[in-house]
Amino acid sequence: MPHTPELLEMIDGLISSPSVSSVNPDYDQGNREVIERLANWLDTAGYQVEILPLPGRPDKANLIATLGQGPGGLVLAGHTDTVPWDEGRWTVDPFRLTRRDDRLYGLGTSDMKAFLALAIEAADDFDPAQFREPLILVATADEESSMAGARALVDARRPQARYAVIGEPTGLRPVRLHKGILMEAIHLRGRSGHSSDPALGNNALEGMHRVIAELLRWRRELQAQHRNPLFEVPVPTLNLGHIHGGDNPNRICADCELHIDLRPLPGMEIEALRHALQTRLATAIEGSGLELECRPLFEGTPAMETDAASAIVQATEKLSGYPARAVAFGTEGPYFNSMGIDTVVLGPGDIDQAHQPDEYLACERIEPALALLRKLIQRFCLAPPE
């Protein structure tokens, strides 16, 4: 079987290809250079490679590369995008792999370009002719911003597999649960007028007082109704994160907008929560004469829960020596689960390094990560469970 480049050469190649995704168009970039670099390596190594551009975004794409044939299979998945970097706060070039003090520095080393190179390196040890089920490498776009890459996979119902490991930074400890994310803008529209006579207008800022009171009441109810002790914060959280209203002290405020962040537990559905939010707030301002508009700041990410009895959960627990746990950050895991693919989040990086200046991956994690990935490939591609 033809071999791919050396591991550090692959990591450097991925790091040196900028692929920032951001909700701010001033920072947002495509990821095609990363995808095409992966495609070239994997094509040479004998994978069946597909590049799937995102609808309406030819500069962004997912990649699905399959080694071996047959039903089911194991997915090793990672996102190719990074967050923006703090210019002036890095002591090394974020777009060049730098080895120093037994650490690999660069934007995406921990979160999570290096995992894709590790997956390729681990698979190099196997003869795909011996696979009873395929190994499928998946690289996605826009995980750090819109989850558009994962949504495109769900829309296409690709890939089709039995199990998946997403290499987000977990310190090589398996994760089977995480909270979801819902971010909403709440806008009240009233009527401006001179502040000397309240009857001349309808104050949206005062109306927002009713909204906030209702949100805090709803938060108490949600936290009383939903609890999962597996999480460090065992209840859903609702944060009032941003508010702006009016333009001058001597004008009645005609418009006021509040942004909230809601983190639901597994079992709490995004759209049901969104409907409940709009219904409650409409009731709260009834009779005020104010107009209410609620809009998503992004589509939202579902919570994730993979059955503790799943073969991939039990295998990663045994191989890592740690029980599968719950985390607060979101991943593409629920999108793979929605396609019937039992998914675990497990990678060599540390979440404390993600989104930080001088992001690094500890060199001591490399060999344990490769050994674990090789055992997973052996378990689920060469000797898959019945």
# chains A, B, ... in the order shown; residues from 1 in each chain; ligands from 1
>>> select_by_dssp(residues="segment 349-384 of chain A", states="helix (DSSP H, G or I)", output="JSON, numbers by chain")
{"A": [363, 364, 365, 366, 367, 368, 369, 370, 371, 372, 373, 374, 375, 376, 377, 378, 379, 380, 381, 382]}
>>> residues_around(residues="segment 113-127 of chain A", least_positions_apart="4", cutoff="9 Å", atoms="only C-alpha atoms", output="ChimeraX atom specification")
/A:1-8,10-12,14-15,38,41-42,45,67-68,76-82,107-109,131,135,137-139,166-169,347-349,361,366,369-374,377-378
>>> write_last_selection(atoms="N, CA and C atoms", output="compact mmCIF listing (two decimals), in the first residue's frame")
# COMPACT_ATOMS: atom_id res chain seq x y z
N MET A 1 0.85 -1.20 0.00
CA MET A 1 0.00 0.00 0.00
C MET A 1 0.89 1.25 0.00
N PRO A 2 0.68 2.20 -0.89
CA PRO A 2 1.49 3.42 -0.90
C PRO A 2 1.31 4.18 0.41
N HIS A 3 2.39 4.84 0.85
CA HIS A 3 2.34 5.54 2.13
C HIS A 3 2.20 7.04 1.93
N THR A 4 1.61 7.67 2.93
CA THR A 4 1.43 9.12 2.95
C THR A 4 2.70 9.78 3.48
N PRO A 5 2.78 11.11 3.46
CA PRO A 5 3.97 11.78 4.00
C PRO A 5 4.17 11.50 5.48
N GLU A 6 5.35 11.85 5.99
CA GLU A 6 5.63 11.68 7.41
C GLU A 6 4.61 12.48 8.24
N LEU A 7 4.38 11.99 9.47
CA LEU A 7 3.34 12.57 10.32
C LEU A 7 3.53 14.07 10.53
N LEU A 8 4.72 14.50 10.95
CA LEU A 8 4.92 15.92 11.22
C LEU A 8 4.82 16.75 9.95
N MET A 10 2.72 16.07 7.54
CA MET A 10 1.28 16.23 7.32
C MET A 10 0.70 17.28 8.26
N ILE A 11 1.07 17.23 9.54
CA ILE A 11 0.54 18.23 10.47
C ILE A 11 0.94 19.62 10.04
N ASP A 12 2.20 19.78 9.64
CA ASP A 12 2.67 21.09 9.18
C ASP A 12 1.90 21.54 7.94
N LEU A 14 -1.16 20.85 7.11
CA LEU A 14 -2.51 21.27 7.48
C LEU A 14 -2.49 22.60 8.23
N ILE A 15 -1.54 22.77 9.13
CA ILE A 15 -1.44 24.01 9.90
C ILE A 15 -1.11 25.19 8.99
N LEU A 38 -5.49 17.12 1.84
CA LEU A 38 -5.89 15.81 2.36
C LEU A 38 -6.24 14.86 1.22
N TRP A 41 -3.15 13.40 -0.52
CA TRP A 41 -2.48 12.36 0.28
C TRP A 41 -3.29 11.07 0.28
N LEU A 42 -4.59 11.18 0.47
CA LEU A 42 -5.42 9.99 0.61
C LEU A 42 -5.61 9.27 -0.72
N ALA A 45 -2.69 7.19 -1.25
CA ALA A 45 -2.66 6.05 -0.33
C ALA A 45 -3.73 5.01 -0.63
N LEU A 67 -11.50 3.69 2.81
CA LEU A 67 -10.48 2.65 2.62
C LEU A 67 -11.12 1.31 2.92
N GLY A 68 -11.10 0.41 1.95
CA GLY A 68 -11.77 -0.87 2.12
C GLY A 68 -13.22 -0.80 1.66
N LEU A 76 -13.50 8.10 11.24
CA LEU A 76 -12.63 8.97 12.02
C LEU A 76 -12.81 10.36 11.44
N ALA A 77 -13.31 11.28 12.24
CA ALA A 77 -13.77 12.56 11.71
C ALA A 77 -13.12 13.73 12.43
N GLY A 78 -12.96 14.82 11.67
CA GLY A 78 -12.45 16.04 12.26
C GLY A 78 -12.82 17.23 11.40
N HIS A 79 -12.87 18.41 12.02
CA HIS A 79 -13.15 19.61 11.24
C HIS A 79 -11.84 20.26 10.80
N THR A 80 -11.86 20.86 9.64
CA THR A 80 -10.67 21.44 9.04
C THR A 80 -10.53 22.92 9.33
N ASP A 81 -11.54 23.54 9.91
CA ASP A 81 -11.48 24.98 10.15
C ASP A 81 -10.94 25.28 11.55
N THR A 82 -10.48 26.51 11.73
CA THR A 82 -10.04 26.99 13.02
C THR A 82 -10.79 28.27 13.35
N LEU A 107 -1.79 26.92 14.95
CA LEU A 107 -3.24 27.08 15.01
C LEU A 107 -3.92 25.82 14.45
N GLY A 108 -4.58 25.07 15.33
CA GLY A 108 -5.22 23.83 14.93
C GLY A 108 -4.50 22.58 15.38
N THR A 109 -3.38 22.72 16.10
CA THR A 109 -2.68 21.52 16.56
C THR A 109 -3.53 20.73 17.54
N PHE A 131 -9.76 -5.69 5.47
CA PHE A 131 -10.88 -5.06 6.17
C PHE A 131 -12.18 -5.82 5.86
N LEU A 135 -12.85 1.69 6.62
CA LEU A 135 -12.45 2.85 7.40
C LEU A 135 -12.79 4.08 6.58
N LEU A 137 -12.55 8.23 6.53
CA LEU A 137 -12.07 9.49 7.08
C LEU A 137 -12.96 10.62 6.58
N VAL A 138 -13.43 11.45 7.50
CA VAL A 138 -14.32 12.56 7.17
C VAL A 138 -13.69 13.85 7.68
N ALA A 139 -13.58 14.83 6.80
CA ALA A 139 -13.07 16.16 7.16
C ALA A 139 -14.14 17.19 6.79
N ILE A 166 -14.87 11.28 16.75
CA ILE A 166 -14.54 12.66 16.36
C ILE A 166 -13.40 13.12 17.25
N GLY A 167 -12.31 13.55 16.62
CA GLY A 167 -11.07 13.80 17.35
C GLY A 167 -10.94 15.15 18.00
N GLU A 168 -12.02 15.69 18.54
CA GLU A 168 -11.94 16.96 19.27
C GLU A 168 -11.03 16.80 20.49
N PRO A 169 -10.52 17.92 21.03
CA PRO A 169 -9.58 17.81 22.15
C PRO A 169 -10.23 17.37 23.45
N GLY A 347 -10.03 12.76 21.36
CA GLY A 347 -8.87 13.25 20.64
C GLY A 347 -7.72 13.57 21.57
N PRO A 348 -6.52 13.77 21.02
CA PRO A 348 -5.32 13.92 21.85
C PRO A 348 -5.12 15.31 22.43
N GLY A 349 -5.78 16.32 21.89
CA GLY A 349 -5.58 17.68 22.37
C GLY A 349 -6.28 17.93 23.70
N LEU A 361 -0.06 21.01 20.92
CA LEU A 361 -0.34 19.61 21.21
C LEU A 361 0.91 19.03 21.86
N ILE A 366 1.18 11.87 21.22
CA ILE A 366 1.14 11.37 19.85
C ILE A 366 1.13 9.85 19.81
N ALA A 369 -2.07 8.29 21.16
CA ALA A 369 -3.18 8.51 20.24
C ALA A 369 -3.10 7.55 19.06
N LEU A 370 -1.90 7.37 18.49
CA LEU A 370 -1.73 6.45 17.37
C LEU A 370 -2.06 5.02 17.80
N ALA A 371 -1.60 4.61 18.97
CA ALA A 371 -1.87 3.25 19.44
C ALA A 371 -3.37 3.03 19.62
N LEU A 372 -4.06 4.01 20.18
CA LEU A 372 -5.50 3.88 20.39
C LEU A 372 -6.24 3.81 19.06
N LEU A 373 -5.86 4.67 18.12
CA LEU A 373 -6.53 4.66 16.81
C LEU A 373 -6.29 3.34 16.07
N ARG A 374 -5.08 2.82 16.16
CA ARG A 374 -4.80 1.53 15.51
C ARG A 374 -5.65 0.41 16.10
N ILE A 377 -9.19 0.76 14.76
CA ILE A 377 -9.28 0.28 13.38
C ILE A 377 -9.28 -1.24 13.36
N GLN A 378 -8.40 -1.85 14.16
CA GLN A 378 -8.36 -3.31 14.26
C GLN A 378 -9.71 -3.85 14.73
>>> residues_around(residues="Asp28 of chain A", least_positions_apart="6", cutoff="9 Å", atoms="only C-alpha atoms", output="PyMOL selection string")
chain A and resi 19-22+84
>>> closest_atom_pairs(of="segment 87-196 of chain A", to="segment 329-342 of chain A", cutoff="8 Å", atoms="only C-alpha atoms", output="Markdown table")
| residue | atom | partner | partner_atom | distance |
| --- | --- | --- | --- | --- |
| A:Glu143 | CA | A:Glu332 | CA | 7.2 |
| A:Met147 | CA | A:Glu332 | CA | 7.3 |
| A:Ala150 | CA | A:Glu332 | CA | 6.3 |
| A:Arg151 | CA | A:Tyr335 | CA | 7.0 |
| A:Val154 | CA | A:Tyr335 | CA | 6.5 |
| A:Arg157 | CA | A:Met339 | CA | 6.6 |
| A:Gln160 | CA | A:Ile341 | CA | 7.6 |
| A:Ala161 | CA | A:Ile341 | CA | 6.0 |
| A:Arg162 | CA | A:Ile341 | CA | 5.0 |
| A:Tyr163 | CA | A:Asp342 | CA | 4.8 |
| A:Ala164 | CA | A:Asp342 | CA | 6.1 |
| A:Ile166 | CA | A:Gly333 | CA | 7.1 |
| A:Glu168 | CA | A:Thr331 | CA | 7.7 |
| A:His178 | CA | A:Gly330 | CA | 6.3 |
| A:Lys179 | CA | A:Gly330 | CA | 6.5 |
| A:Gly180 | CA | A:Gly330 | CA | 6.3 |
| A:Ile181 | CA | A:Gly330 | CA | 7.3 |
>>> select_by_dssp(residues="segment 117-227 of chain A", states="strand (DSSP E or B)", output="PyMOL selection string")
chain A and resi 135-140+163-166+175-178+181-189+191+194+202
>>> closest_residue(among="A:Ser17, A:Leu97, A:Thr140, A:Asp26", to="Asn62 of chain A", atoms="only C-alpha atoms")
A:Thr140
>>> atom_distance(atom1="atom CA of Arg89 of chain A", atom2="atom CA of Tyr105 of chain A")
13.4 Å
>>> closest_residue(among="A:Ile270, A:Leu52, A:Leu230, A:Leu216", to="Pro302 of chain A", atoms="only C-alpha atoms")
A:Ile270
>>> residues_around(residues="Pro55 of chain A", least_positions_apart="3", cutoff="12 Å", atoms="only C-alpha atoms", output="NGL selection string")
:A and (52 or 58-62 or 141 or 148-149 or 151-153 or 155-156)
>>> atom_distance(atom1="atom CA of Ile64 of chain A", atom2="atom CA of Gly30 of chain A")
17.4 Å
>>> residues_around(residues="segment 198-204 of chain A", least_positions_apart="2", cutoff="9 Å", atoms="only C-alpha atoms", output="list of chain:residue names")
A:His187, A:Leu188, A:Arg189, A:Gly190, A:Arg191, A:Ser192, A:Gly193, A:His194, A:Ser195, A:Ser196, A:Glu206, A:Gly207, A:Met208, A:His209, A:Gly245, A:Gly246, A:Arg251, A:Ile252, A:Cys253, A:Ala254, A:Asp255, A:Cys256, A:Glu257, A:Ser288, A:Gly289, A:Leu290, A:Glu291
>>> write_last_selection(atoms="N, CA and C atoms", output="mmCIF file, in the first residue's frame")
data_model
loop_
_atom_site.group_PDB
_atom_site.id
_atom_site.type_symbol
_atom_site.label_atom_id
_atom_site.label_comp_id
_atom_site.auth_asym_id
_atom_site.auth_seq_id
_atom_site.Cartn_x
_atom_site.Cartn_y
_atom_site.Cartn_z
ATOM 1 N N HIS A 187 -36.099 41.004 20.030
ATOM 2 C CA HIS A 187 -36.212 42.427 19.682
ATOM 3 C C HIS A 187 -37.616 42.934 20.018
ATOM 4 N N LEU A 188 -37.655 44.031 20.740
ATOM 5 C CA LEU A 188 -38.917 44.713 21.020
ATOM 6 C C LEU A 188 -38.935 46.048 20.278
ATOM 7 N N ARG A 189 -40.044 46.313 19.620
ATOM 8 C CA ARG A 189 -40.204 47.572 18.894
ATOM 9 C C ARG A 189 -41.379 48.346 19.493
ATOM 10 N N GLY A 190 -41.099 49.575 19.933
ATOM 11 C CA GLY A 190 -42.137 50.437 20.479
ATOM 12 C C GLY A 190 -42.312 51.688 19.634
ATOM 13 N N ARG A 191 -42.359 52.849 20.285
ATOM 14 C CA ARG A 191 -42.530 54.104 19.561
ATOM 15 C C ARG A 191 -41.741 55.192 20.298
ATOM 16 N N SER A 192 -40.954 55.957 19.547
ATOM 17 C CA SER A 192 -40.153 57.009 20.161
ATOM 18 C C SER A 192 -41.004 58.243 20.446
ATOM 19 N N GLY A 193 -40.458 59.127 21.263
ATOM 20 C CA GLY A 193 -41.124 60.386 21.595
ATOM 21 C C GLY A 193 -40.279 61.145 22.591
ATOM 22 N N HIS A 194 -40.698 62.353 22.907
ATOM 23 C CA HIS A 194 -39.943 63.177 23.846
ATOM 24 C C HIS A 194 -40.076 62.613 25.258
ATOM 25 N N SER A 195 -38.949 62.525 25.954
ATOM 26 C CA SER A 195 -38.944 61.885 27.268
ATOM 27 C C SER A 195 -39.748 62.657 28.315
ATOM 28 N N SER A 196 -40.089 63.920 28.020
ATOM 29 C CA SER A 196 -40.837 64.710 29.003
ATOM 30 C C SER A 196 -42.272 64.246 29.180
ATOM 31 N N GLU A 206 -38.325 49.637 28.640
ATOM 32 C CA GLU A 206 -39.134 49.244 29.795
ATOM 33 C C GLU A 206 -39.828 47.904 29.541
ATOM 34 N N GLY A 207 -40.269 47.694 28.299
ATOM 35 C CA GLY A 207 -40.887 46.413 27.959
ATOM 36 C C GLY A 207 -39.928 45.255 28.113
ATOM 37 N N MET A 208 -38.643 45.508 27.880
ATOM 38 C CA MET A 208 -37.656 44.439 28.015
ATOM 39 C C MET A 208 -37.542 43.972 29.466
ATOM 40 N N HIS A 209 -37.951 44.821 30.395
ATOM 41 C CA HIS A 209 -37.995 44.399 31.804
ATOM 42 C C HIS A 209 -38.936 43.209 31.973
ATOM 43 N N GLY A 245 -30.459 49.237 23.655
ATOM 44 C CA GLY A 245 -31.730 49.886 23.367
ATOM 45 C C GLY A 245 -31.603 51.394 23.394
ATOM 46 N N GLY A 246 -32.338 52.036 22.518
ATOM 47 C CA GLY A 246 -32.390 53.488 22.512
ATOM 48 C C GLY A 246 -31.149 54.146 21.963
ATOM 49 N N ARG A 251 -34.926 60.690 24.745
ATOM 50 C CA ARG A 251 -35.882 60.096 23.794
ATOM 51 C C ARG A 251 -36.435 58.804 24.362
ATOM 52 N N ILE A 252 -37.728 58.618 24.222
ATOM 53 C CA ILE A 252 -38.334 57.339 24.598
ATOM 54 C C ILE A 252 -37.763 56.258 23.687
ATOM 55 N N CYS A 253 -37.334 55.169 24.287
ATOM 56 C CA CYS A 253 -36.653 54.092 23.541
ATOM 57 C C CYS A 253 -37.648 53.370 22.632
ATOM 58 N N ALA A 254 -37.388 53.412 21.329
ATOM 59 C CA ALA A 254 -38.291 52.779 20.370
ATOM 60 C C ALA A 254 -37.904 51.335 20.067
ATOM 61 N N ASP A 255 -36.631 50.990 20.251
ATOM 62 C CA ASP A 255 -36.162 49.639 19.916
ATOM 63 C C ASP A 255 -35.191 49.164 20.976
ATOM 64 N N CYS A 256 -35.335 47.887 21.361
ATOM 65 C CA CYS A 256 -34.424 47.282 22.329
ATOM 66 C C CYS A 256 -34.210 45.820 21.940
ATOM 67 N N GLU A 257 -32.962 45.373 21.996
ATOM 68 C CA GLU A 257 -32.655 44.000 21.594
ATOM 69 C C GLU A 257 -31.779 43.330 22.647
ATOM 70 N N SER A 288 -49.141 45.291 25.894
ATOM 71 C CA SER A 288 -48.193 46.408 26.014
ATOM 72 C C SER A 288 -48.159 47.290 24.774
ATOM 73 N N GLY A 289 -48.654 46.760 23.656
ATOM 74 C CA GLY A 289 -48.559 47.494 22.400
ATOM 75 C C GLY A 289 -47.207 47.381 21.733
ATOM 76 N N LEU A 290 -46.278 46.651 22.341
ATOM 77 C CA LEU A 290 -44.945 46.452 21.764
ATOM 78 C C LEU A 290 -44.959 45.305 20.769
ATOM 79 N N GLU A 291 -44.122 45.392 19.743
ATOM 80 C CA GLU A 291 -43.968 44.312 18.766
ATOM 81 C C GLU A 291 -42.772 43.452 19.169
#
>>> residues_around(residues="segment 313-327 of chain A", least_positions_apart="6", cutoff="9 Å", atoms="only C-alpha atoms", output="number ranges by chain")
A: 172-179, 230-232, 305-307, 342-344, 346, 372, 375-376, 379
>>> write_last_selection(atoms="C-alpha atoms", output="compact mmCIF listing (two decimals), in the first residue's frame")
# COMPACT_ATOMS: atom_id res chain seq x y z
CA LEU A 172 -7.68 11.05 25.07
CA ARG A 173 -10.67 10.53 27.36
CA PRO A 174 -13.92 9.47 25.65
CA VAL A 175 -16.97 11.75 25.67
CA ARG A 176 -20.49 10.47 24.95
CA LEU A 177 -22.60 13.44 26.10
CA HIS A 178 -22.55 17.18 25.68
CA LYS A 179 -25.00 20.05 25.96
CA LEU A 230 -23.17 13.44 34.70
CA PHE A 231 -22.51 17.10 33.82
CA GLU A 232 -20.34 19.37 35.96
CA GLU A 305 -25.99 11.52 23.95
CA THR A 306 -24.62 8.19 22.76
CA ASP A 307 -25.85 5.07 24.54
CA ASP A 342 -22.95 5.76 17.25
CA THR A 343 -20.42 8.48 18.01
CA VAL A 344 -17.76 9.14 20.63
CA LEU A 346 -12.06 11.45 21.61
CA LEU A 372 -5.50 3.88 20.39
CA LYS A 375 -6.65 -0.60 18.06
CA LEU A 376 -9.95 0.99 17.06
CA ARG A 379 -11.50 -3.68 16.35
